[in-house]
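Heads up, coords24.cif below (mmCIF, N, CA and C atoms):
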```cif
data_my_file
loop_
_atom_site.label_atom_id
_atom_site.label_comp_id
_atom_site.auth_asym_id
_atom_site.auth_seq_id
_atom_site.Cartn_x
_atom_site.Cartn_y
_atom_site.Cartn_z
N MET A 1 25.12 -64.85 0.12
CA MET A 1 26.45 -65.06 -0.45
C MET A 1 26.71 -63.99 -1.51
N PRO A 2 27.81 -63.29 -1.43
CA PRO A 2 28.12 -62.25 -2.42
C PRO A 2 28.25 -62.82 -3.83
N ALA A 3 27.92 -61.99 -4.80
CA ALA A 3 28.04 -62.39 -6.20
C ALA A 3 29.50 -62.43 -6.61
N SER A 4 29.75 -63.12 -7.70
CA SER A 4 31.11 -63.15 -8.22
C SER A 4 31.38 -61.86 -8.99
N PRO A 5 32.65 -61.46 -9.08
CA PRO A 5 32.97 -60.26 -9.88
C PRO A 5 32.45 -60.36 -11.31
N THR A 6 32.34 -61.59 -11.83
CA THR A 6 31.84 -61.79 -13.19
C THR A 6 30.40 -61.31 -13.30
N LYS A 7 29.57 -61.61 -12.28
CA LYS A 7 28.17 -61.19 -12.31
C LYS A 7 28.08 -59.67 -12.27
N SER A 8 28.89 -59.04 -11.44
CA SER A 8 28.91 -57.58 -11.35
C SER A 8 29.31 -56.97 -12.69
N LEU A 9 30.33 -57.52 -13.32
CA LEU A 9 30.78 -57.02 -14.63
C LEU A 9 29.68 -57.18 -15.68
N GLU A 10 28.94 -58.29 -15.60
CA GLU A 10 27.82 -58.53 -16.52
C GLU A 10 26.77 -57.42 -16.37
N TYR A 11 26.43 -57.08 -15.12
CA TYR A 11 25.43 -56.03 -14.89
C TYR A 11 25.95 -54.66 -15.29
N GLN A 12 27.24 -54.41 -15.12
CA GLN A 12 27.81 -53.14 -15.57
C GLN A 12 27.66 -53.00 -17.08
N LYS A 13 27.95 -54.07 -17.81
CA LYS A 13 27.81 -54.04 -19.26
C LYS A 13 26.36 -53.83 -19.66
N ARG A 14 25.46 -54.56 -19.01
CA ARG A 14 24.04 -54.42 -19.31
C ARG A 14 23.56 -53.00 -19.01
N ALA A 15 24.05 -52.42 -17.92
CA ALA A 15 23.67 -51.04 -17.56
C ALA A 15 24.14 -50.07 -18.64
N ASN A 16 25.35 -50.24 -19.12
CA ASN A 16 25.88 -49.37 -20.17
C ASN A 16 25.08 -49.50 -21.47
N ASP A 17 24.51 -50.68 -21.69
CA ASP A 17 23.72 -50.91 -22.90
C ASP A 17 22.35 -50.25 -22.84
N VAL A 18 21.80 -50.05 -21.64
CA VAL A 18 20.41 -49.58 -21.54
C VAL A 18 20.23 -48.20 -20.92
N PHE A 19 21.21 -47.69 -20.18
CA PHE A 19 21.05 -46.40 -19.51
C PHE A 19 21.72 -45.27 -20.28
N MET A 20 21.05 -44.12 -20.31
CA MET A 20 21.68 -42.92 -20.86
C MET A 20 22.83 -42.53 -19.95
N GLN A 21 23.86 -41.96 -20.50
CA GLN A 21 25.04 -41.60 -19.72
C GLN A 21 24.91 -40.17 -19.18
N LEU A 22 23.96 -39.95 -18.26
CA LEU A 22 23.79 -38.64 -17.65
C LEU A 22 24.86 -38.39 -16.61
N TYR A 23 25.33 -39.44 -15.99
CA TYR A 23 26.41 -39.39 -15.01
C TYR A 23 27.45 -40.41 -15.43
N PRO A 24 28.70 -40.20 -15.07
CA PRO A 24 29.68 -41.26 -15.33
C PRO A 24 29.31 -42.49 -14.49
N HIS A 25 29.23 -43.63 -15.10
CA HIS A 25 28.90 -44.84 -14.36
C HIS A 25 30.11 -45.35 -13.60
N LYS A 26 29.89 -45.73 -12.38
CA LYS A 26 30.94 -46.29 -11.54
C LYS A 26 31.07 -47.78 -11.83
N ASP A 27 32.21 -48.33 -11.53
CA ASP A 27 32.43 -49.76 -11.74
C ASP A 27 31.95 -50.56 -10.54
N VAL A 28 30.76 -50.23 -10.06
CA VAL A 28 30.18 -50.88 -8.89
C VAL A 28 28.70 -51.12 -9.20
N VAL A 29 28.20 -52.28 -8.83
CA VAL A 29 26.77 -52.56 -8.95
C VAL A 29 26.23 -52.70 -7.53
N ILE A 30 25.37 -51.77 -7.13
CA ILE A 30 24.85 -51.75 -5.76
C ILE A 30 23.79 -52.83 -5.60
N ASP A 31 23.89 -53.55 -4.50
CA ASP A 31 22.94 -54.62 -4.19
C ASP A 31 21.92 -54.19 -3.14
N HIS A 32 22.38 -53.51 -2.08
CA HIS A 32 21.46 -53.09 -1.02
C HIS A 32 22.09 -51.99 -0.18
N GLY A 33 21.27 -51.38 0.66
CA GLY A 33 21.75 -50.34 1.54
C GLY A 33 21.29 -50.59 2.96
N ASP A 34 22.04 -50.04 3.90
CA ASP A 34 21.67 -50.13 5.31
C ASP A 34 22.28 -48.94 6.04
N GLY A 35 21.41 -48.10 6.61
CA GLY A 35 21.90 -46.91 7.29
C GLY A 35 22.59 -45.98 6.31
N SER A 36 23.81 -45.60 6.63
CA SER A 36 24.58 -44.69 5.77
C SER A 36 25.43 -45.43 4.75
N TYR A 37 25.24 -46.72 4.63
CA TYR A 37 26.11 -47.52 3.78
C TYR A 37 25.37 -48.20 2.64
N LEU A 38 26.09 -48.38 1.54
CA LEU A 38 25.65 -49.17 0.40
C LEU A 38 26.58 -50.36 0.27
N TYR A 39 26.06 -51.45 -0.27
CA TYR A 39 26.84 -52.67 -0.45
C TYR A 39 26.72 -53.11 -1.89
N ASP A 40 27.86 -53.49 -2.49
CA ASP A 40 27.82 -53.94 -3.87
C ASP A 40 27.53 -55.44 -3.93
N MET A 41 27.47 -55.96 -5.15
CA MET A 41 27.13 -57.36 -5.35
C MET A 41 28.17 -58.30 -4.76
N GLU A 42 29.39 -57.80 -4.58
CA GLU A 42 30.45 -58.62 -4.00
C GLU A 42 30.51 -58.50 -2.48
N GLY A 43 29.64 -57.68 -1.89
CA GLY A 43 29.62 -57.52 -0.44
C GLY A 43 30.49 -56.40 0.08
N ASN A 44 31.13 -55.62 -0.80
CA ASN A 44 31.94 -54.49 -0.35
C ASN A 44 31.04 -53.38 0.18
N LYS A 45 31.51 -52.68 1.20
CA LYS A 45 30.74 -51.66 1.90
C LYS A 45 31.24 -50.26 1.51
N TYR A 46 30.30 -49.34 1.20
CA TYR A 46 30.64 -47.98 0.80
C TYR A 46 29.83 -46.99 1.63
N LEU A 47 30.47 -45.93 2.10
CA LEU A 47 29.75 -44.84 2.76
C LEU A 47 29.01 -44.06 1.68
N ASP A 48 27.70 -43.91 1.83
CA ASP A 48 26.89 -43.22 0.82
C ASP A 48 26.95 -41.72 1.04
N CYS A 49 27.96 -41.09 0.48
CA CYS A 49 28.13 -39.64 0.63
C CYS A 49 27.14 -38.85 -0.22
N ALA A 50 26.45 -39.49 -1.14
CA ALA A 50 25.47 -38.81 -1.98
C ALA A 50 24.05 -38.95 -1.42
N VAL A 51 23.90 -39.65 -0.33
CA VAL A 51 22.59 -39.94 0.29
C VAL A 51 21.52 -40.25 -0.76
N GLY A 52 21.80 -41.20 -1.61
CA GLY A 52 20.83 -41.59 -2.62
C GLY A 52 20.41 -40.40 -3.47
N ILE A 53 21.36 -39.54 -3.80
CA ILE A 53 21.14 -38.27 -4.49
C ILE A 53 20.10 -37.45 -3.72
N ALA A 54 20.36 -37.27 -2.44
CA ALA A 54 19.64 -36.34 -1.57
C ALA A 54 18.24 -36.78 -1.16
N VAL A 55 17.89 -38.03 -1.36
CA VAL A 55 16.55 -38.46 -0.97
C VAL A 55 16.55 -39.44 0.19
N CYS A 56 17.69 -39.71 0.76
CA CYS A 56 17.79 -40.70 1.84
C CYS A 56 18.28 -40.06 3.13
N ALA A 57 17.63 -39.00 3.57
CA ALA A 57 18.08 -38.29 4.76
C ALA A 57 18.05 -39.18 5.99
N LEU A 58 17.20 -40.18 6.02
CA LEU A 58 17.12 -41.11 7.15
C LEU A 58 18.06 -42.29 6.98
N GLY A 59 18.75 -42.36 5.87
CA GLY A 59 19.60 -43.50 5.59
C GLY A 59 18.80 -44.58 4.87
N HIS A 60 19.46 -45.63 4.51
CA HIS A 60 18.83 -46.74 3.80
C HIS A 60 18.26 -47.73 4.81
N ASN A 61 17.10 -48.28 4.50
CA ASN A 61 16.51 -49.36 5.29
C ASN A 61 16.19 -48.91 6.72
N HIS A 62 15.73 -47.66 6.89
CA HIS A 62 15.41 -47.13 8.22
C HIS A 62 14.14 -47.81 8.74
N PRO A 63 14.18 -48.39 9.95
CA PRO A 63 13.04 -49.15 10.47
C PRO A 63 11.73 -48.36 10.53
N SER A 64 11.75 -47.12 10.97
CA SER A 64 10.51 -46.32 11.06
C SER A 64 9.94 -46.03 9.68
N PHE A 65 10.81 -45.72 8.74
CA PHE A 65 10.38 -45.45 7.37
C PHE A 65 9.81 -46.72 6.74
N ASN A 66 10.51 -47.85 6.93
CA ASN A 66 10.02 -49.12 6.39
C ASN A 66 8.66 -49.48 6.97
N LYS A 67 8.48 -49.24 8.27
CA LYS A 67 7.20 -49.54 8.94
C LYS A 67 6.07 -48.70 8.33
N ALA A 68 6.33 -47.41 8.14
CA ALA A 68 5.31 -46.53 7.55
C ALA A 68 4.96 -46.96 6.13
N ILE A 69 5.96 -47.33 5.35
CA ILE A 69 5.70 -47.78 3.97
C ILE A 69 4.89 -49.07 3.98
N THR A 70 5.28 -50.02 4.83
CA THR A 70 4.57 -51.30 4.91
C THR A 70 3.12 -51.10 5.33
N GLU A 71 2.90 -50.25 6.34
CA GLU A 71 1.53 -49.97 6.79
C GLU A 71 0.69 -49.39 5.65
N GLN A 72 1.26 -48.49 4.88
CA GLN A 72 0.52 -47.89 3.78
C GLN A 72 0.27 -48.91 2.67
N LEU A 73 1.25 -49.74 2.36
CA LEU A 73 1.06 -50.79 1.34
C LEU A 73 -0.03 -51.76 1.76
N ASP A 74 -0.10 -52.07 3.05
CA ASP A 74 -1.12 -52.99 3.56
C ASP A 74 -2.53 -52.42 3.42
N LYS A 75 -2.65 -51.10 3.27
CA LYS A 75 -3.96 -50.48 3.08
C LYS A 75 -4.44 -50.59 1.63
N GLY A 76 -3.56 -51.02 0.73
CA GLY A 76 -3.96 -51.27 -0.65
C GLY A 76 -3.77 -50.12 -1.61
N PHE A 77 -3.20 -49.01 -1.16
CA PHE A 77 -2.90 -47.92 -2.08
C PHE A 77 -1.68 -47.17 -1.58
N THR A 78 -0.95 -46.59 -2.51
CA THR A 78 0.26 -45.86 -2.12
C THR A 78 0.14 -44.37 -2.38
N MET A 79 -0.78 -43.99 -3.23
CA MET A 79 -0.91 -42.56 -3.56
C MET A 79 -2.28 -42.33 -4.14
N VAL A 80 -2.88 -41.22 -3.77
CA VAL A 80 -4.13 -40.81 -4.40
C VAL A 80 -3.93 -39.40 -4.92
N ALA A 81 -4.76 -39.01 -5.87
CA ALA A 81 -4.62 -37.69 -6.48
C ALA A 81 -4.61 -36.59 -5.43
N GLY A 82 -4.01 -35.47 -5.78
CA GLY A 82 -3.86 -34.36 -4.85
C GLY A 82 -5.16 -33.82 -4.28
N SER A 83 -6.29 -34.12 -4.92
CA SER A 83 -7.57 -33.60 -4.44
C SER A 83 -8.14 -34.43 -3.28
N PHE A 84 -7.50 -35.54 -2.93
CA PHE A 84 -7.96 -36.37 -1.83
C PHE A 84 -7.02 -36.23 -0.63
N ALA A 85 -7.60 -36.22 0.55
CA ALA A 85 -6.80 -36.22 1.78
C ALA A 85 -6.62 -37.66 2.25
N THR A 86 -5.50 -37.93 2.89
CA THR A 86 -5.29 -39.20 3.58
C THR A 86 -4.76 -38.86 4.97
N GLU A 87 -4.93 -39.78 5.90
CA GLU A 87 -4.46 -39.53 7.26
C GLU A 87 -2.97 -39.22 7.31
N PRO A 88 -2.09 -40.04 6.68
CA PRO A 88 -0.66 -39.74 6.74
C PRO A 88 -0.31 -38.40 6.09
N LYS A 89 -1.00 -38.06 5.01
CA LYS A 89 -0.72 -36.81 4.29
C LYS A 89 -1.08 -35.60 5.16
N VAL A 90 -2.23 -35.66 5.83
CA VAL A 90 -2.65 -34.57 6.71
C VAL A 90 -1.69 -34.44 7.89
N LYS A 91 -1.33 -35.58 8.50
CA LYS A 91 -0.40 -35.55 9.64
C LYS A 91 0.96 -34.98 9.24
N ALA A 92 1.46 -35.39 8.08
CA ALA A 92 2.76 -34.87 7.62
C ALA A 92 2.70 -33.37 7.38
N ALA A 93 1.61 -32.90 6.78
CA ALA A 93 1.45 -31.46 6.54
C ALA A 93 1.39 -30.69 7.85
N GLU A 94 0.67 -31.22 8.83
CA GLU A 94 0.58 -30.56 10.13
C GLU A 94 1.94 -30.47 10.81
N ILE A 95 2.72 -31.54 10.72
CA ILE A 95 4.07 -31.52 11.32
C ILE A 95 4.93 -30.44 10.66
N LEU A 96 4.88 -30.37 9.32
CA LEU A 96 5.66 -29.36 8.61
C LEU A 96 5.22 -27.94 8.98
N ILE A 97 3.93 -27.71 9.04
CA ILE A 97 3.42 -26.38 9.37
C ILE A 97 3.77 -26.01 10.81
N ASN A 98 3.62 -26.96 11.73
CA ASN A 98 3.89 -26.69 13.14
C ASN A 98 5.37 -26.48 13.45
N ASN A 99 6.24 -26.87 12.54
CA ASN A 99 7.68 -26.74 12.76
C ASN A 99 8.34 -25.81 11.75
N SER A 100 7.56 -24.89 11.20
CA SER A 100 8.10 -23.95 10.21
C SER A 100 7.29 -22.66 10.26
N HIS A 101 7.58 -21.80 9.31
CA HIS A 101 6.83 -20.55 9.16
C HIS A 101 5.80 -20.68 8.03
N LEU A 102 5.50 -21.90 7.64
CA LEU A 102 4.57 -22.13 6.54
C LEU A 102 3.13 -22.06 7.02
N ASP A 103 2.24 -21.62 6.12
CA ASP A 103 0.81 -21.60 6.41
C ASP A 103 0.08 -22.76 5.74
N LYS A 104 0.57 -23.16 4.58
CA LYS A 104 -0.05 -24.22 3.78
C LYS A 104 1.05 -25.08 3.17
N ILE A 105 0.67 -26.28 2.76
CA ILE A 105 1.62 -27.24 2.18
C ILE A 105 1.10 -27.69 0.81
N PHE A 106 2.01 -27.87 -0.12
CA PHE A 106 1.70 -28.49 -1.40
C PHE A 106 2.72 -29.59 -1.63
N PHE A 107 2.28 -30.84 -1.59
CA PHE A 107 3.18 -31.97 -1.80
C PHE A 107 3.36 -32.20 -3.30
N THR A 108 4.57 -32.54 -3.69
CA THR A 108 4.86 -32.87 -5.08
C THR A 108 5.49 -34.26 -5.15
N ASN A 109 5.61 -34.77 -6.36
CA ASN A 109 6.18 -36.10 -6.56
C ASN A 109 7.69 -36.10 -6.63
N SER A 110 8.29 -34.93 -6.85
CA SER A 110 9.73 -34.88 -7.05
C SER A 110 10.27 -33.50 -6.74
N GLY A 111 11.57 -33.42 -6.62
CA GLY A 111 12.22 -32.13 -6.42
C GLY A 111 12.03 -31.23 -7.63
N ALA A 112 12.05 -31.80 -8.83
CA ALA A 112 11.86 -31.00 -10.04
C ALA A 112 10.47 -30.36 -10.03
N GLU A 113 9.45 -31.12 -9.62
CA GLU A 113 8.10 -30.56 -9.52
C GLU A 113 8.04 -29.47 -8.45
N ALA A 114 8.76 -29.66 -7.36
CA ALA A 114 8.79 -28.65 -6.31
C ALA A 114 9.42 -27.36 -6.83
N VAL A 115 10.50 -27.48 -7.61
CA VAL A 115 11.14 -26.30 -8.19
C VAL A 115 10.18 -25.61 -9.16
N GLU A 116 9.54 -26.40 -10.03
CA GLU A 116 8.58 -25.82 -10.98
C GLU A 116 7.45 -25.11 -10.25
N GLY A 117 6.91 -25.73 -9.19
CA GLY A 117 5.85 -25.11 -8.41
C GLY A 117 6.31 -23.83 -7.74
N SER A 118 7.54 -23.83 -7.23
CA SER A 118 8.10 -22.62 -6.61
C SER A 118 8.25 -21.49 -7.61
N LEU A 119 8.67 -21.83 -8.83
CA LEU A 119 8.78 -20.81 -9.88
C LEU A 119 7.42 -20.20 -10.19
N LYS A 120 6.40 -21.04 -10.27
CA LYS A 120 5.05 -20.54 -10.56
C LYS A 120 4.54 -19.65 -9.43
N LEU A 121 4.77 -20.07 -8.18
CA LEU A 121 4.35 -19.25 -7.04
C LEU A 121 5.09 -17.92 -7.01
N ALA A 122 6.39 -17.96 -7.28
CA ALA A 122 7.19 -16.73 -7.29
C ALA A 122 6.70 -15.79 -8.39
N ARG A 123 6.42 -16.33 -9.57
CA ARG A 123 5.91 -15.50 -10.68
C ARG A 123 4.57 -14.89 -10.31
N ALA A 124 3.68 -15.66 -9.70
CA ALA A 124 2.37 -15.14 -9.31
C ALA A 124 2.52 -14.03 -8.28
N TRP A 125 3.40 -14.25 -7.29
CA TRP A 125 3.62 -13.23 -6.26
C TRP A 125 4.20 -11.96 -6.88
N ALA A 126 5.21 -12.13 -7.73
CA ALA A 126 5.86 -10.97 -8.35
C ALA A 126 4.87 -10.20 -9.22
N HIS A 127 4.06 -10.90 -9.98
CA HIS A 127 3.08 -10.24 -10.84
C HIS A 127 2.10 -9.42 -9.99
N GLU A 128 1.66 -10.00 -8.88
CA GLU A 128 0.69 -9.32 -8.01
C GLU A 128 1.31 -8.17 -7.23
N ASN A 129 2.56 -8.32 -6.80
CA ASN A 129 3.18 -7.34 -5.92
C ASN A 129 4.17 -6.39 -6.60
N LYS A 130 4.75 -6.81 -7.71
CA LYS A 130 5.77 -6.00 -8.38
C LYS A 130 5.38 -5.59 -9.80
N GLY A 131 4.36 -6.23 -10.34
CA GLY A 131 3.93 -5.90 -11.70
C GLY A 131 4.42 -6.92 -12.70
N ALA A 132 3.80 -6.90 -13.87
CA ALA A 132 4.08 -7.89 -14.91
C ALA A 132 5.50 -7.84 -15.43
N ALA A 133 6.19 -6.72 -15.28
CA ALA A 133 7.56 -6.59 -15.80
C ALA A 133 8.58 -7.37 -14.99
N CYS A 134 8.23 -7.78 -13.79
CA CYS A 134 9.17 -8.51 -12.92
C CYS A 134 9.19 -9.98 -13.33
N LYS A 135 10.23 -10.37 -14.08
CA LYS A 135 10.28 -11.73 -14.64
C LYS A 135 11.59 -12.45 -14.37
N GLU A 136 12.47 -11.91 -13.56
CA GLU A 136 13.78 -12.51 -13.37
C GLU A 136 13.82 -13.40 -12.13
N PHE A 137 14.66 -14.44 -12.19
CA PHE A 137 14.89 -15.35 -11.08
C PHE A 137 16.37 -15.35 -10.74
N ILE A 138 16.67 -15.53 -9.49
CA ILE A 138 18.06 -15.73 -9.07
C ILE A 138 18.25 -17.23 -8.90
N VAL A 139 19.27 -17.79 -9.55
CA VAL A 139 19.51 -19.23 -9.48
C VAL A 139 21.00 -19.48 -9.24
N PHE A 140 21.31 -20.68 -8.84
CA PHE A 140 22.70 -21.11 -8.72
C PHE A 140 23.14 -21.66 -10.06
N ALA A 141 24.19 -21.11 -10.63
CA ALA A 141 24.71 -21.60 -11.91
C ALA A 141 25.38 -22.95 -11.71
N ASN A 142 25.19 -23.83 -12.67
CA ASN A 142 25.79 -25.16 -12.66
C ASN A 142 25.40 -26.00 -11.46
N ALA A 143 24.22 -25.74 -10.90
CA ALA A 143 23.72 -26.54 -9.78
C ALA A 143 22.55 -27.38 -10.29
N PHE A 144 22.31 -28.49 -9.63
CA PHE A 144 21.25 -29.40 -10.06
C PHE A 144 19.95 -29.02 -9.38
N HIS A 145 18.94 -28.69 -10.17
CA HIS A 145 17.63 -28.33 -9.63
C HIS A 145 16.55 -29.29 -10.10
N GLY A 146 16.88 -30.26 -10.91
CA GLY A 146 15.89 -31.20 -11.43
C GLY A 146 16.07 -31.36 -12.92
N ARG A 147 15.25 -32.25 -13.50
CA ARG A 147 15.39 -32.55 -14.92
C ARG A 147 14.23 -32.02 -15.75
N THR A 148 13.61 -30.96 -15.32
CA THR A 148 12.57 -30.34 -16.15
C THR A 148 13.13 -29.05 -16.72
N TYR A 149 12.45 -28.49 -17.69
CA TYR A 149 12.95 -27.30 -18.36
C TYR A 149 13.14 -26.14 -17.38
N GLY A 150 12.16 -25.90 -16.54
CA GLY A 150 12.26 -24.80 -15.59
C GLY A 150 13.25 -25.06 -14.47
N ALA A 151 13.31 -26.28 -14.03
CA ALA A 151 14.22 -26.63 -12.93
C ALA A 151 15.65 -26.56 -13.40
#
```

Please, can you express the file's structure as structure tokens?
Amino acid sequence: MPASPTKSLEYQKRANDVFMQLYPHKDVVIDHGDGSYLYDMEGNKYLDCAVGIAVCALGHNHPSFNKAITEQLDKGFTMVAGSFATEPKVKAAEILINNSHLDKIFFTNSGAEAVEGSLKLARAWAHENKGAACKEFIVFANAFHGRTYGA
């Protein structure tokens, strides 16, 4: 049963009290997602044009993704340090390598970490191939690359 507008308004107020205003807050409280859609507490349906801020390429509540997550949770761990291999991690790396021009894979926890890692790799390559004086990066101005200093 959908929530009353009063409950949604209560959560909006609570959100404004506890969250930093990095983005303008919408007057909607999301309850769940399915496929390309999000649903608010009142049951209204919205097309998710932001794809969960770019992390939901498969959509929300995708059966294959949910199955993989559940299988991993049933094994009793969700992540191990980068120095350990796991079957899903090796398989995912092999798929990426076999479908790209990549030779090796480095998994990160976030897009910001991926950007930071890319900057470090680019600096190392430039230092080795162009010399220590090569220190410039080309970036997109006013684009979102993550919430770290380098990103």

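Between atom N of A:Lys7 and atom CA of A:Met41 the interatomic distance comes to 8.5 Å.
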
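Summary of the local environment: counting only C-alpha atoms, residues at most 7 Å from A:His60, other than itself and those fewer than 5 positions away along its chain, are Gly33, Asp34, Gly35 and Ser36 of chain A.
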
Enclose stretch 76-93 of chain A, meaning all of its atoms listed in the file, in a box aligned along x, y and z, pad it by 5 Å on each side, and list the centre and edge lengths in Å to one decimal, as lines of an AutoDock Vina configuration file.
```
center_x = -2.7
center_y = -41.0
center_z = 1.6
size_x = 20.9
size_y = 30.6
size_z = 26.1
```

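With the shown file loaded, the PyMOL selection byres ((chain A and resi 138-151) around 6.5) picks out Gly111, Ala112, Val115, Glu116, Glu136 and Phe137 of chain A.
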
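Listed by chain and then by rising number, the residues of stretch 12-151 of chain A that DSSP assigns to strand (DSSP E) from the backbone are Ile30, Asp31, His32, Gly33, Asp34, Tyr37, Leu38, Tyr39, Asp40, Lys45, Tyr46 and Leu47 of chain A.
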
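Taking only C-alpha atoms into account, A:Met79 lies nearest to A:Asn109 out of the set A:His101, A:Asn61, A:Ile95, A:Asn109.
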
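Of note, atom C of A:Lys75 and atom N of A:Pro63 are spaced 20.5 Å apart.
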
Review point. Of the candidates A:Ser110, A:Gln72, A:Ser118, A:Asn129, which one gets nearest to A:Glu87 if we count only C-alpha atoms?
Key: A:Gln72
